[in-house]
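Dumped run_36.cif below, it's mmCIF, C-alpha atoms:
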```cif
data_final
loop_
_atom_site.label_atom_id
_atom_site.label_comp_id
_atom_site.auth_asym_id
_atom_site.auth_seq_id
_atom_site.Cartn_x
_atom_site.Cartn_y
_atom_site.Cartn_z
CA MET A 1 124.74 -290.81 -6.51
CA GLU A 2 126.71 -287.67 -7.21
CA ILE A 3 125.89 -286.30 -10.66
CA LEU A 4 127.13 -283.43 -12.83
CA PHE A 5 124.51 -281.95 -15.16
CA ILE A 6 125.74 -279.86 -18.10
CA THR A 7 123.03 -278.01 -20.02
CA HIS A 8 122.70 -275.00 -22.31
CA LYS A 9 118.88 -275.24 -22.22
CA TYR A 10 117.70 -273.96 -18.87
CA PRO A 11 115.65 -271.18 -17.22
CA PRO A 12 115.40 -268.23 -17.42
CA PHE A 13 114.94 -269.31 -21.05
CA ILE A 14 111.55 -270.80 -21.89
CA GLY A 15 110.82 -273.93 -23.94
CA GLY A 16 110.14 -277.65 -23.75
CA MET A 17 113.81 -278.63 -23.46
CA GLU A 18 114.46 -275.93 -20.86
CA LYS A 19 111.51 -277.18 -18.81
CA GLN A 20 112.66 -280.78 -19.06
CA SER A 21 116.21 -279.86 -17.96
CA TYR A 22 114.91 -277.87 -15.00
CA GLU A 23 112.54 -280.57 -13.77
CA LEU A 24 115.17 -283.29 -14.15
CA THR A 25 117.86 -281.45 -12.21
CA THR A 26 115.56 -280.03 -9.54
CA ARG A 27 113.84 -283.30 -8.74
CA MET A 28 117.03 -285.36 -8.98
CA GLY A 29 118.64 -282.90 -6.58
CA ALA A 30 116.03 -283.74 -3.96
CA CYS A 31 117.46 -287.22 -3.46
CA HIS A 32 121.02 -287.13 -4.88
CA THR A 33 124.04 -284.82 -4.74
CA ILE A 34 124.08 -282.81 -7.94
CA HIS A 35 126.18 -280.12 -9.60
CA ILE A 36 124.82 -278.04 -12.47
CA HIS A 37 126.80 -276.15 -15.10
CA THR A 38 124.30 -274.22 -17.19
CA TYR A 39 124.09 -271.29 -19.57
CA ASP A 40 122.16 -268.62 -17.66
CA GLY A 41 122.16 -265.91 -20.30
CA GLU A 42 125.18 -264.05 -18.97
CA GLY A 43 127.36 -263.23 -21.97
CA SER A 44 127.03 -264.92 -25.34
CA LYS A 45 126.32 -268.60 -25.70
CA LEU A 46 129.38 -268.89 -27.98
CA SER A 47 131.56 -267.58 -25.16
CA TRP A 48 129.94 -270.05 -22.76
CA PHE A 49 130.78 -272.95 -25.08
CA LEU A 50 134.35 -271.72 -25.55
CA ASN A 51 134.86 -271.70 -21.76
CA LEU A 52 133.03 -274.99 -21.23
CA LYS A 53 136.07 -277.25 -21.00
CA LYS A 54 137.83 -275.09 -18.42
CA LYS A 55 134.70 -274.75 -16.24
CA VAL A 56 133.83 -278.46 -16.31
CA LYS A 57 137.41 -279.49 -15.50
CA LYS A 58 137.28 -277.24 -12.45
CA ILE A 59 133.99 -278.77 -11.26
CA LEU A 60 135.39 -282.29 -11.68
CA SER A 61 138.65 -281.46 -9.87
CA THR A 62 136.86 -279.97 -6.87
CA ASN A 63 134.21 -282.73 -6.71
CA PRO A 64 136.10 -286.04 -6.99
CA ASN A 65 133.06 -288.13 -5.99
CA ILE A 66 131.04 -287.36 -9.12
CA GLU A 67 129.90 -290.71 -10.53
CA LEU A 68 128.04 -289.71 -13.69
CA ILE A 69 127.86 -286.79 -16.12
CA HIS A 70 124.61 -285.97 -17.92
CA VAL A 71 124.38 -283.61 -20.91
CA ASN A 72 121.05 -282.26 -22.09
CA ASP A 73 121.13 -282.86 -25.85
CA GLY A 74 123.17 -283.98 -28.84
CA LEU A 75 124.82 -280.59 -29.34
CA MET A 76 125.96 -280.60 -25.72
CA ALA A 77 127.16 -284.20 -26.09
CA SER A 78 129.21 -283.23 -29.16
CA ALA A 79 130.83 -280.39 -27.20
CA CYS A 80 131.65 -282.74 -24.32
CA LEU A 81 133.18 -285.70 -26.18
CA TRP A 82 136.59 -284.64 -24.88
CA LEU A 83 135.42 -286.00 -21.51
CA LYS A 84 135.86 -289.56 -22.83
CA LYS A 85 139.66 -289.06 -22.83
CA TYR A 86 139.83 -286.81 -19.80
CA THR A 87 137.91 -288.90 -17.25
CA GLN A 88 136.61 -292.41 -16.63
CA ILE A 89 133.28 -291.04 -15.39
CA PRO A 90 130.41 -292.31 -17.59
CA VAL A 91 128.77 -289.68 -19.80
CA VAL A 92 125.07 -289.90 -20.66
CA ALA A 93 123.09 -287.69 -23.07
CA THR A 94 119.40 -287.03 -23.62
CA PHE A 95 118.38 -286.90 -27.30
CA HIS A 96 115.29 -285.03 -28.50
CA GLY A 97 115.13 -285.51 -32.28
CA LEU A 98 116.86 -282.93 -34.47
CA ASP A 99 120.04 -283.31 -32.41
CA LEU A 100 120.25 -286.79 -33.99
CA THR A 101 118.54 -286.37 -37.36
CA PHE A 102 120.14 -283.10 -38.53
CA PRO A 103 120.54 -283.70 -42.31
CA SER A 104 124.21 -283.05 -42.79
CA TYR A 105 126.65 -285.62 -44.16
CA ILE A 106 129.46 -284.27 -41.98
CA PHE A 107 127.27 -284.28 -38.85
CA GLN A 108 126.02 -287.81 -39.46
CA LYS A 109 129.36 -289.26 -40.59
CA PHE A 110 131.77 -287.64 -38.15
CA ILE A 111 129.80 -286.41 -35.14
CA VAL A 112 126.90 -288.83 -34.62
CA LYS A 113 129.28 -291.79 -35.00
CA ARG A 114 131.49 -290.38 -32.27
CA LEU A 115 128.45 -290.10 -29.99
CA HIS A 116 128.36 -293.92 -29.96
CA ARG A 117 131.12 -293.67 -27.35
CA LEU A 118 128.67 -292.36 -24.75
CA GLU A 119 127.76 -294.79 -21.98
CA GLY A 120 124.08 -294.00 -22.42
CA ALA A 121 121.64 -292.38 -24.85
CA ILE A 122 118.31 -291.46 -23.26
CA CYS A 123 115.60 -290.74 -25.84
CA VAL A 124 112.48 -288.66 -25.14
CA SER A 125 110.29 -290.75 -27.46
CA ASN A 126 110.18 -294.08 -29.25
CA ALA A 127 110.72 -292.23 -32.53
CA THR A 128 113.98 -290.79 -31.19
CA THR A 129 114.99 -294.23 -29.92
CA LEU A 130 114.48 -295.63 -33.40
CA ALA A 131 116.60 -292.79 -34.85
CA CYS A 132 119.40 -293.76 -32.43
CA LEU A 133 119.27 -297.44 -33.38
CA GLU A 134 119.15 -296.61 -37.10
CA ARG A 135 122.36 -294.65 -36.63
CA GLY A 136 124.23 -297.57 -35.13
CA PHE A 137 123.95 -296.93 -31.38
CA SER A 138 124.31 -300.11 -29.34
CA LYS A 139 120.90 -301.36 -28.22
CA GLU A 140 122.24 -301.90 -24.69
CA LYS A 141 123.12 -298.21 -24.41
CA VAL A 142 119.80 -296.78 -25.62
CA PHE A 143 116.95 -296.04 -23.19
CA THR A 144 113.50 -294.53 -23.78
CA VAL A 145 112.22 -292.15 -21.10
CA LEU A 146 109.17 -290.09 -22.02
CA ASN A 147 108.93 -286.49 -20.89
CA GLY A 148 106.61 -285.53 -18.07
CA VAL A 149 104.21 -282.67 -17.42
CA ASP A 150 103.21 -280.56 -14.40
CA HIS A 151 100.13 -282.12 -12.81
CA ASP A 152 99.46 -278.77 -11.12
CA LEU A 153 98.40 -277.37 -14.50
CA ALA A 154 95.11 -279.24 -14.14
CA ASP A 155 94.34 -277.28 -10.96
CA ILE A 156 94.89 -273.75 -12.28
CA PRO A 157 91.51 -272.01 -11.86
CA ILE A 158 89.62 -270.88 -14.94
CA ASP A 159 89.39 -267.10 -15.11
CA VAL A 160 85.66 -266.47 -15.56
CA ALA A 161 86.32 -263.09 -17.19
CA PHE A 162 88.89 -264.40 -19.67
CA LYS A 163 86.38 -265.51 -22.31
CA SER A 164 84.53 -262.19 -22.45
CA ASN A 165 87.80 -260.24 -22.34
CA THR A 166 89.10 -262.27 -25.29
CA GLU A 167 85.86 -261.70 -27.22
CA GLU A 168 86.23 -257.97 -26.69
CA ALA A 169 89.93 -257.94 -27.61
CA LEU A 170 89.36 -259.91 -30.83
CA GLY A 171 86.04 -258.29 -31.71
CA ILE A 172 84.21 -261.62 -31.96
CA SER A 173 81.66 -263.69 -30.06
CA PHE A 174 82.26 -267.30 -29.03
CA THR A 175 78.50 -267.91 -28.68
CA GLY A 176 77.57 -270.87 -30.86
CA LYS A 177 81.20 -271.32 -31.85
CA LYS A 178 83.71 -274.12 -31.38
CA VAL A 179 87.25 -273.08 -30.50
CA MET A 180 90.39 -274.69 -31.90
CA VAL A 181 93.78 -273.71 -30.54
CA THR A 182 97.32 -274.43 -31.70
CA MET A 183 100.71 -273.23 -30.51
CA GLY A 184 104.31 -273.32 -31.67
CA ARG A 185 107.13 -271.69 -33.59
CA ALA A 186 106.54 -270.89 -37.24
CA VAL A 187 108.69 -273.74 -38.57
CA LYS A 188 107.60 -275.93 -41.47
CA ARG A 189 107.40 -279.20 -39.54
CA LYS A 190 104.59 -277.76 -37.38
CA GLY A 191 102.39 -277.79 -40.49
CA PHE A 192 100.69 -274.47 -39.77
CA SER A 193 100.66 -273.05 -43.32
CA TRP A 194 99.64 -276.46 -44.71
CA PHE A 195 96.74 -276.60 -42.26
CA LEU A 196 95.63 -273.05 -43.02
CA LYS A 197 95.63 -273.63 -46.78
CA HIS A 198 94.24 -277.16 -47.03
CA VAL A 199 92.05 -277.70 -43.97
CA VAL A 200 90.75 -274.45 -42.47
CA PRO A 201 88.72 -273.28 -45.55
CA GLU A 202 86.73 -276.54 -45.46
CA LEU A 203 85.93 -276.49 -41.73
CA ASN A 204 82.47 -275.59 -40.48
CA GLU A 205 81.69 -271.88 -40.30
CA SER A 206 81.13 -272.22 -36.54
CA ILE A 207 84.84 -272.78 -35.91
CA VAL A 208 87.18 -270.15 -34.47
CA PHE A 209 90.87 -270.99 -34.79
CA LEU A 210 93.31 -269.33 -32.37
CA MET A 211 97.01 -269.53 -33.24
CA ILE A 212 99.57 -268.86 -30.50
CA GLY A 213 103.26 -268.24 -31.09
CA PRO A 214 105.64 -265.62 -32.46
CA LEU A 215 105.17 -264.57 -36.06
CA ASN A 216 107.90 -262.07 -36.79
CA ASN A 217 107.66 -260.65 -40.29
CA GLN A 218 110.74 -258.48 -39.87
CA ILE A 219 113.85 -259.92 -41.50
CA GLY A 220 116.95 -259.42 -39.39
CA PHE A 221 120.60 -259.36 -40.43
CA MET A 222 121.08 -263.11 -39.96
CA GLU A 223 117.98 -263.96 -42.02
CA ARG A 224 119.18 -261.67 -44.85
CA VAL A 225 122.56 -263.39 -44.88
CA VAL A 226 121.02 -266.87 -44.80
CA ASN A 227 118.56 -266.03 -47.59
CA ILE A 228 121.38 -265.38 -50.10
CA LEU A 229 123.00 -268.76 -49.46
CA PRO A 230 122.44 -271.76 -51.76
CA ILE A 231 119.17 -273.55 -50.93
CA THR A 232 120.76 -276.70 -49.45
CA LEU A 233 123.07 -274.79 -47.13
CA ARG A 234 120.31 -272.33 -46.27
CA GLY A 235 118.01 -275.14 -45.16
CA LYS A 236 120.65 -276.67 -42.89
CA ILE A 237 121.41 -273.37 -41.17
CA GLN A 238 117.71 -272.66 -40.70
CA LEU A 239 117.28 -276.05 -39.06
CA MET A 240 120.38 -275.67 -36.89
CA PHE A 241 119.24 -272.35 -35.44
CA GLY A 242 115.51 -273.11 -35.35
CA MET A 243 114.74 -270.23 -37.68
CA ALA A 244 111.11 -269.47 -38.53
CA THR A 245 110.85 -271.08 -41.97
CA ASP A 246 107.06 -270.92 -42.31
CA VAL A 247 106.43 -267.23 -41.63
CA LYS A 248 105.99 -266.17 -45.28
CA SER A 249 103.55 -268.99 -46.04
CA ILE A 250 101.52 -268.40 -42.88
CA THR A 251 101.35 -264.65 -43.50
CA ALA A 252 100.22 -265.20 -47.09
CA ALA A 253 97.56 -267.70 -46.03
CA LEU A 254 96.15 -265.32 -43.42
CA LYS A 255 95.43 -262.80 -46.20
CA ASP A 256 92.96 -265.21 -47.82
CA PRO A 257 89.41 -264.17 -46.76
CA SER A 258 88.22 -267.80 -46.59
CA ILE A 259 90.93 -268.41 -43.99
CA SER A 260 91.21 -265.11 -42.14
CA LYS A 261 87.50 -265.04 -41.20
CA LYS A 262 88.06 -268.13 -39.04
CA VAL A 263 91.57 -267.48 -37.75
CA HIS A 264 93.06 -265.14 -35.17
CA HIS A 265 96.85 -265.12 -34.77
CA LEU A 266 97.56 -264.06 -31.20
CA GLY A 267 101.36 -263.99 -31.29
CA LYS A 268 103.32 -264.72 -28.16
CA VAL A 269 101.26 -264.91 -24.96
CA SER A 270 102.09 -265.22 -21.27
CA PHE A 271 102.02 -268.61 -19.55
CA THR A 272 99.01 -267.47 -17.51
CA ASP A 273 97.06 -266.57 -20.64
CA LEU A 274 98.16 -269.76 -22.39
CA MET A 275 96.56 -271.87 -19.66
CA GLN A 276 93.31 -269.92 -20.09
CA TYR A 277 93.36 -270.28 -23.89
CA LEU A 278 93.85 -274.04 -23.50
CA SER A 279 90.86 -274.17 -21.14
CA LEU A 280 88.84 -272.19 -23.67
CA ALA A 281 89.68 -274.67 -26.44
CA ASP A 282 87.28 -277.39 -27.52
CA VAL A 283 90.24 -279.07 -29.24
CA PHE A 284 93.96 -278.46 -29.55
CA VAL A 285 95.50 -279.25 -32.96
CA MET A 286 99.01 -280.34 -33.95
CA PRO A 287 98.98 -280.62 -37.77
CA ASN A 288 102.66 -281.55 -38.18
CA ILE A 289 104.01 -282.55 -41.56
CA LYS A 290 107.17 -284.47 -42.42
CA VAL A 291 110.25 -282.36 -43.06
CA LYS A 292 113.45 -284.22 -43.86
CA GLY A 293 115.85 -284.10 -40.94
CA ASP A 294 113.50 -282.13 -38.66
CA ALA A 295 111.41 -284.52 -36.60
CA GLU A 296 109.12 -283.63 -33.69
CA GLY A 297 110.89 -285.12 -30.69
CA PHE A 298 107.89 -285.32 -28.35
CA GLY A 299 105.28 -282.55 -28.12
CA LEU A 300 105.02 -281.41 -24.49
CA VAL A 301 102.30 -278.88 -25.31
CA ALA A 302 99.95 -281.79 -26.14
CA LEU A 303 100.15 -282.94 -22.52
CA GLU A 304 99.62 -279.40 -21.24
CA ALA A 305 96.52 -279.05 -23.42
CA SER A 306 95.25 -282.42 -22.22
CA LEU A 307 95.55 -281.38 -18.57
CA ARG A 308 93.51 -278.28 -19.31
CA GLY A 309 90.74 -280.46 -20.72
CA ALA A 310 91.42 -279.88 -24.42
CA PRO A 311 91.47 -283.14 -26.42
CA VAL A 312 94.32 -283.12 -28.95
CA VAL A 313 93.89 -283.83 -32.65
CA ALA A 314 97.38 -284.46 -33.97
CA ALA A 315 99.34 -285.84 -36.88
CA GLY A 316 100.29 -289.42 -36.08
CA ILE A 317 104.00 -289.06 -36.77
CA GLU A 318 107.31 -289.07 -34.93
CA GLY A 319 107.44 -288.28 -31.22
CA ILE A 320 103.89 -286.93 -31.19
CA THR A 321 102.60 -290.49 -30.95
CA ASP A 322 104.21 -290.78 -27.50
CA ALA A 323 102.49 -287.61 -26.24
CA VAL A 324 99.10 -288.19 -27.90
CA ARG A 325 97.56 -291.63 -27.42
CA ASP A 326 94.73 -292.29 -29.85
CA GLY A 327 91.40 -292.59 -28.03
CA LYS A 328 92.95 -291.66 -24.67
CA ASN A 329 93.90 -287.98 -24.69
CA GLY A 330 93.19 -287.28 -28.33
CA ILE A 331 92.92 -288.50 -31.90
CA LEU A 332 95.78 -289.25 -34.29
CA VAL A 333 95.21 -288.33 -37.94
CA PRO A 334 97.44 -289.23 -40.92
CA SER A 335 99.89 -286.41 -41.54
CA GLY A 336 99.18 -284.42 -44.69
CA ASP A 337 95.79 -286.08 -45.34
CA ALA A 338 93.57 -283.00 -45.66
CA ASP A 339 90.35 -284.97 -46.22
CA ARG A 340 90.85 -286.98 -43.01
CA TRP A 341 91.66 -283.84 -41.04
CA ILE A 342 88.56 -282.02 -42.33
CA HIS A 343 86.26 -284.98 -41.63
CA THR A 344 87.73 -285.66 -38.18
CA LEU A 345 87.50 -282.07 -36.96
CA ASN A 346 84.06 -281.32 -38.40
CA THR A 347 82.66 -284.55 -36.97
CA LEU A 348 84.28 -284.18 -33.56
CA LEU A 349 83.31 -280.55 -33.06
CA GLU A 350 79.67 -281.32 -33.81
CA ASP A 351 79.56 -284.01 -31.11
CA GLU A 352 79.00 -282.20 -27.77
CA GLU A 353 78.77 -285.38 -25.69
CA GLY A 354 81.79 -286.93 -27.37
CA LEU A 355 83.85 -283.79 -26.76
CA SER A 356 82.87 -283.78 -23.09
CA ARG A 357 83.87 -287.43 -22.66
CA MET A 358 87.17 -286.87 -24.46
CA SER A 359 87.92 -283.83 -22.32
CA ASP A 360 87.46 -285.80 -19.08
CA SER A 361 89.43 -288.74 -20.48
CA ALA A 362 92.30 -286.50 -21.60
CA VAL A 363 92.77 -285.07 -18.11
CA GLN A 364 92.52 -288.42 -16.31
CA PHE A 365 94.76 -290.32 -18.72
CA THR A 366 97.47 -287.65 -18.67
CA LEU A 367 97.47 -287.49 -14.87
CA GLU A 368 97.84 -291.28 -14.66
CA ASP A 369 100.42 -291.83 -17.40
CA TYR A 370 102.64 -288.74 -17.49
CA GLY A 371 104.44 -286.80 -14.79
CA TRP A 372 107.83 -285.32 -13.97
CA ASP A 373 108.23 -287.61 -10.95
CA LYS A 374 107.67 -290.65 -13.15
CA MET A 375 110.21 -289.34 -15.67
CA VAL A 376 112.82 -288.69 -12.97
CA GLU A 377 112.32 -292.17 -11.48
CA GLU A 378 113.14 -293.62 -14.91
CA TYR A 379 116.23 -291.41 -15.24
CA GLU A 380 117.35 -292.52 -11.79
CA ARG A 381 116.95 -296.16 -12.80
CA VAL A 382 119.01 -295.61 -15.98
CA PHE A 383 121.70 -293.65 -14.12
CA LEU A 384 122.06 -296.35 -11.46
CA GLU A 385 122.29 -299.07 -14.12
CA ILE A 386 125.05 -297.20 -15.97
CA VAL A 387 127.00 -296.32 -12.80
CA THR A 388 126.77 -299.93 -11.57
CA TYR A 389 127.90 -301.31 -14.93
CA SER A 390 130.83 -298.87 -15.14
CA SER A 391 131.93 -299.72 -11.57
CA ASN A 392 131.85 -303.45 -12.24
CA LYS A 393 133.81 -302.97 -15.45
CA GLU A 394 136.62 -301.32 -13.50
#
```
Since I need it in another form, could you write the structure as structure tokens?
Amino acid sequence: MEILFITHKYPPFIGGMEKQSYELTTRMGACHTIHIHTYDGEGSKLSWFLNLKKKVKKILSTNPNIELIHVNDGLMASACLWLKKYTQIPVVATFHGLDLTFPSYIFQKFIVKRLHRLEGAICVSNATTLACLERGFSKEKVFTVLNGVDHDLADIPIDVAFKSNTEEALGISFTGKKVMVTMGRAVKRKGFSWFLKHVVPELNESIVFLMIGPLNNQIGFMERVVNILPITLRGKIQLMFGMATDVKSITAALKDPSISKKVHHLGKVSFTDLMQYLSLADVFVMPNIKVKGDAEGFGLVALEASLRGAPVVAAGIEGITDAVRDGKNGILVPSGDADRWIHTLNTLLEDEEGLSRMSDSAVQFTLEDYGWDKMVEEYERVFLEIVTYSSNKE
């Protein structure tokens, strides 16, 4: 096959969607002829989108054997709907969650309905697949392909000095302690402030909770503008741009002595340090809560934690249930049920043998059931099916 990939989520930028785009294109390029048009950070993203049509037309005109066009998310698909009139080449999009569920009447009524014209909708989780079907996508055009994870993460050596260096940096001792780790942007759906307020104070005193991710308390120009808008409009803009909606609540919670004595917010860390923190963890937690229109598409970090031997305790909602399999690489807990979270974590972290078994199981299960090669094989199967169908239709 000869394939054109169009993506605005790609290295050098870092994130789950960027990683997925990179692995898909790189591995697909090993066995097929591919062309990639991506935003690389040169100039503004707005400018890149404004020049998109011209650039893509040029690629198509100089590469007449392209058989399929893939776009990396719903936003990209919306920007490329003009292709349906310009070319007969089938267009396929990957959907991640918010790019389908964004709670705007105009988006749902006039944009999502137009996305039905795509020849294929590839969903990163069963929850996203359900969101597609609920919005009227044809069942024959919807495919579920779970994200993968780098198996090499399991082989990264543990830095023997990392634990003592962290103890010194934080001014604490891990002796006799159990370590919980979480990571993510300070957005409400991650459930961080909820977890700090309702669960952490009731956890055993032996627990140390390490939080990883940016927590910027400085309000920039855009935030100041957004904050004066009416609440409904403000919420939509915050969702659209992934703005940190939980910073105030997290910051306030960390001032409570019953919380702060167990919690250390580490901010943004390097990938190298992240792997060591995950190895240091006895459990990794994902306390997501339901936020209208902002679903968790998958949860790649759960697989990364699993490969580093950290069982995952996660809210059993949305795409998380495709990354965390109850009893295999972690435990699913009802979202927002503080009593169940408290009981589950206190019980689990007191069970040394159980933790050891779960750690081994998490690594083995993730290696067997998730991988980028497996994901790309599924994409290849979907692409071939769509190209074959489109050719026969002609």
Applied to the shown file, which residues does the PyMOL selection byres ((chain A and resi 153-155) around 9) return, written as an mmCIF file with C-alpha atoms, in the frame of the given file?
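File produced: result_12.cif:
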```cif
data_model
loop_
_atom_site.group_PDB
_atom_site.id
_atom_site.type_symbol
_atom_site.label_atom_id
_atom_site.label_comp_id
_atom_site.auth_asym_id
_atom_site.auth_seq_id
_atom_site.Cartn_x
_atom_site.Cartn_y
_atom_site.Cartn_z
ATOM 1 C CA VAL A 149 104.210 -282.670 -17.420
ATOM 2 C CA ASP A 150 103.210 -280.560 -14.400
ATOM 3 C CA HIS A 151 100.130 -282.120 -12.810
ATOM 4 C CA ASP A 152 99.460 -278.770 -11.120
ATOM 5 C CA ILE A 156 94.890 -273.750 -12.280
ATOM 6 C CA PRO A 157 91.510 -272.010 -11.860
ATOM 7 C CA ILE A 158 89.620 -270.880 -14.940
ATOM 8 C CA MET A 275 96.560 -271.870 -19.660
ATOM 9 C CA GLU A 304 99.620 -279.400 -21.240
ATOM 10 C CA SER A 306 95.250 -282.420 -22.220
ATOM 11 C CA LEU A 307 95.550 -281.380 -18.570
ATOM 12 C CA ARG A 308 93.510 -278.280 -19.310
ATOM 13 C CA GLY A 309 90.740 -280.460 -20.720
ATOM 14 C CA VAL A 363 92.770 -285.070 -18.110
ATOM 15 C CA LEU A 367 97.470 -287.490 -14.870
#
```
Inset, instruction - Please write as a list in words the full residue list that the PyMOL selection byres ((chain A and resi 202-206) around 8) yields on this file. - result: Gly176, Lys177, Lys178, His198, Val199, Val200, Pro201, Ile207, Val208, Lys262, Ile342, Leu345 and Asn346 of chain A
Could you give me, as a Markdown table, every stretch 328-392 of chain A residue with an atom at most 12 Å from stretch 81-99 of chain A, plus its closest atom pair and distance in Å to one decimal, counting all atoms listed in the file, rows ordered by chain then number?
```
| residue | atom | partner | partner_atom | distance |
| --- | --- | --- | --- | --- |
| A:Tyr379 | CA | A:Thr94 | CA | 10.0 |
| A:Val382 | CA | A:Val92 | CA | 9.6 |
| A:Phe383 | CA | A:Val92 | CA | 8.3 |
| A:Leu384 | CA | A:Pro90 | CA | 11.1 |
| A:Glu385 | CA | A:Pro90 | CA | 11.1 |
| A:Ile386 | CA | A:Pro90 | CA | 7.4 |
| A:Val387 | CA | A:Pro90 | CA | 7.1 |
| A:Thr388 | CA | A:Pro90 | CA | 10.4 |
| A:Tyr389 | CA | A:Pro90 | CA | 9.7 |
| A:Ser390 | CA | A:Pro90 | CA | 7.0 |
| A:Ser391 | CA | A:Ile89 | CA | 9.6 |
```
Inset, instruction - Might you spell out which residues the PyMOL selection byres ((chain A and resi 362) around 10) would select in the displayed file, as number ranges by chain? - result: A: 303, 305-312, 324-325, 327-330, 356-361, 363-367
Inset, instruction - Between atom CA of A:Val283 and atom CA of A:Val124, measure the distance and give it in Å to one decimal. - result: 24.6 Å
Legend entry - Within 12 Å of A:Thr7 using all atoms listed in the file, minus same-chain residues under 5 positions, as a VMD selection string: chain A and resid 13 17 to 22 24 to 25 35 to 40 45 48 to 49 52 56 69 to 77 79 to 80 93 to 94
Report the closest atom pair, with its distance in Å rounded to one decimal, for each residue of stretch 56-148 of chain A that has an atom no farther than 9 Å from stretch 287-301 of chain A; count all atoms listed in the file, sort by chain and then rising residue number, and write it as JSON lines.
```
{"residue": "A:Phe95", "atom": "CA", "partner": "A:Gly297", "partner_atom": "CA", "distance": 8.4}
{"residue": "A:His96", "atom": "CA", "partner": "A:Gly297", "partner_atom": "CA", "distance": 4.9}
{"residue": "A:Gly97", "atom": "CA", "partner": "A:Gly297", "partner_atom": "CA", "distance": 4.5}
{"residue": "A:Leu98", "atom": "CA", "partner": "A:Asp294", "partner_atom": "CA", "distance": 5.4}
{"residue": "A:Leu100", "atom": "CA", "partner": "A:Gly293", "partner_atom": "CA", "distance": 8.7}
{"residue": "A:Thr101", "atom": "CA", "partner": "A:Gly293", "partner_atom": "CA", "distance": 5.0}
{"residue": "A:Phe102", "atom": "CA", "partner": "A:Gly293", "partner_atom": "CA", "distance": 5.0}
{"residue": "A:Pro103", "atom": "CA", "partner": "A:Gly293", "partner_atom": "CA", "distance": 4.9}
{"residue": "A:Ser104", "atom": "CA", "partner": "A:Gly293", "partner_atom": "CA", "distance": 8.6}
{"residue": "A:Cys123", "atom": "CA", "partner": "A:Gly297", "partner_atom": "CA", "distance": 8.8}
{"residue": "A:Val124", "atom": "CA", "partner": "A:Phe298", "partner_atom": "CA", "distance": 6.5}
{"residue": "A:Ser125", "atom": "CA", "partner": "A:Phe298", "partner_atom": "CA", "distance": 6.0}
{"residue": "A:Ala127", "atom": "CA", "partner": "A:Gly297", "partner_atom": "CA", "distance": 7.3}
{"residue": "A:Thr128", "atom": "CA", "partner": "A:Gly297", "partner_atom": "CA", "distance": 6.5}
{"residue": "A:Leu146", "atom": "CA", "partner": "A:Phe298", "partner_atom": "CA", "distance": 8.0}
{"residue": "A:Asn147", "atom": "CA", "partner": "A:Leu300", "partner_atom": "CA", "distance": 7.4}
{"residue": "A:Gly148", "atom": "CA", "partner": "A:Leu300", "partner_atom": "CA", "distance": 7.8}
```
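Among A:Thr245, A:Val142, A:Val313, A:Ser164, the residue with the shortest atom-to-atom distance to A:His343, counting only C-alpha atoms, is A:Val313.
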Inset, instruction - Counting all atoms listed in the file, figure out which residue out of A:Gly136, A:Gly191, A:Gly15, A:Pro334 gets nearest to A:Asp246. - result: A:Gly191
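Nearest residue to A:Leu170 among A:Leu266, A:Leu133, A:Val112, A:Leu254 is A:Leu266, counting only C-alpha atoms.
Put simply, atom CA of A:Val376 is 22.6 Å away from atom CA of A:Ala131.
Taking only C-alpha atoms into account, A:Ser279 lies nearest to A:Met180 out of the set A:Met180, A:Ala186, A:Thr347, A:Glu352.
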Legend entry - Separation of atom CA of A:Pro12 from atom CA of A:Gly371, in Å and rounded to one decimal: 21.7 Å
Inset, instruction - Do a neighbour search on A:Pro64 at 10 Å with all atoms listed in the file, toss out local chain neighbours closer than 4 positions, and write the hits as a PyMOL selection string. - result: chain A and resi 2+59-60
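Of the residues listed (A:Arg381, A:His264, A:Arg117, A:Lys58), A:Arg381 shows the shortest atom-to-atom separation from A:Met28; distances use all atoms listed in the file.
Taking only C-alpha atoms into account, A:Gly267 lies nearest to A:Leu210 out of the set A:Val333, A:Ala161, A:Met1, A:Leu210.
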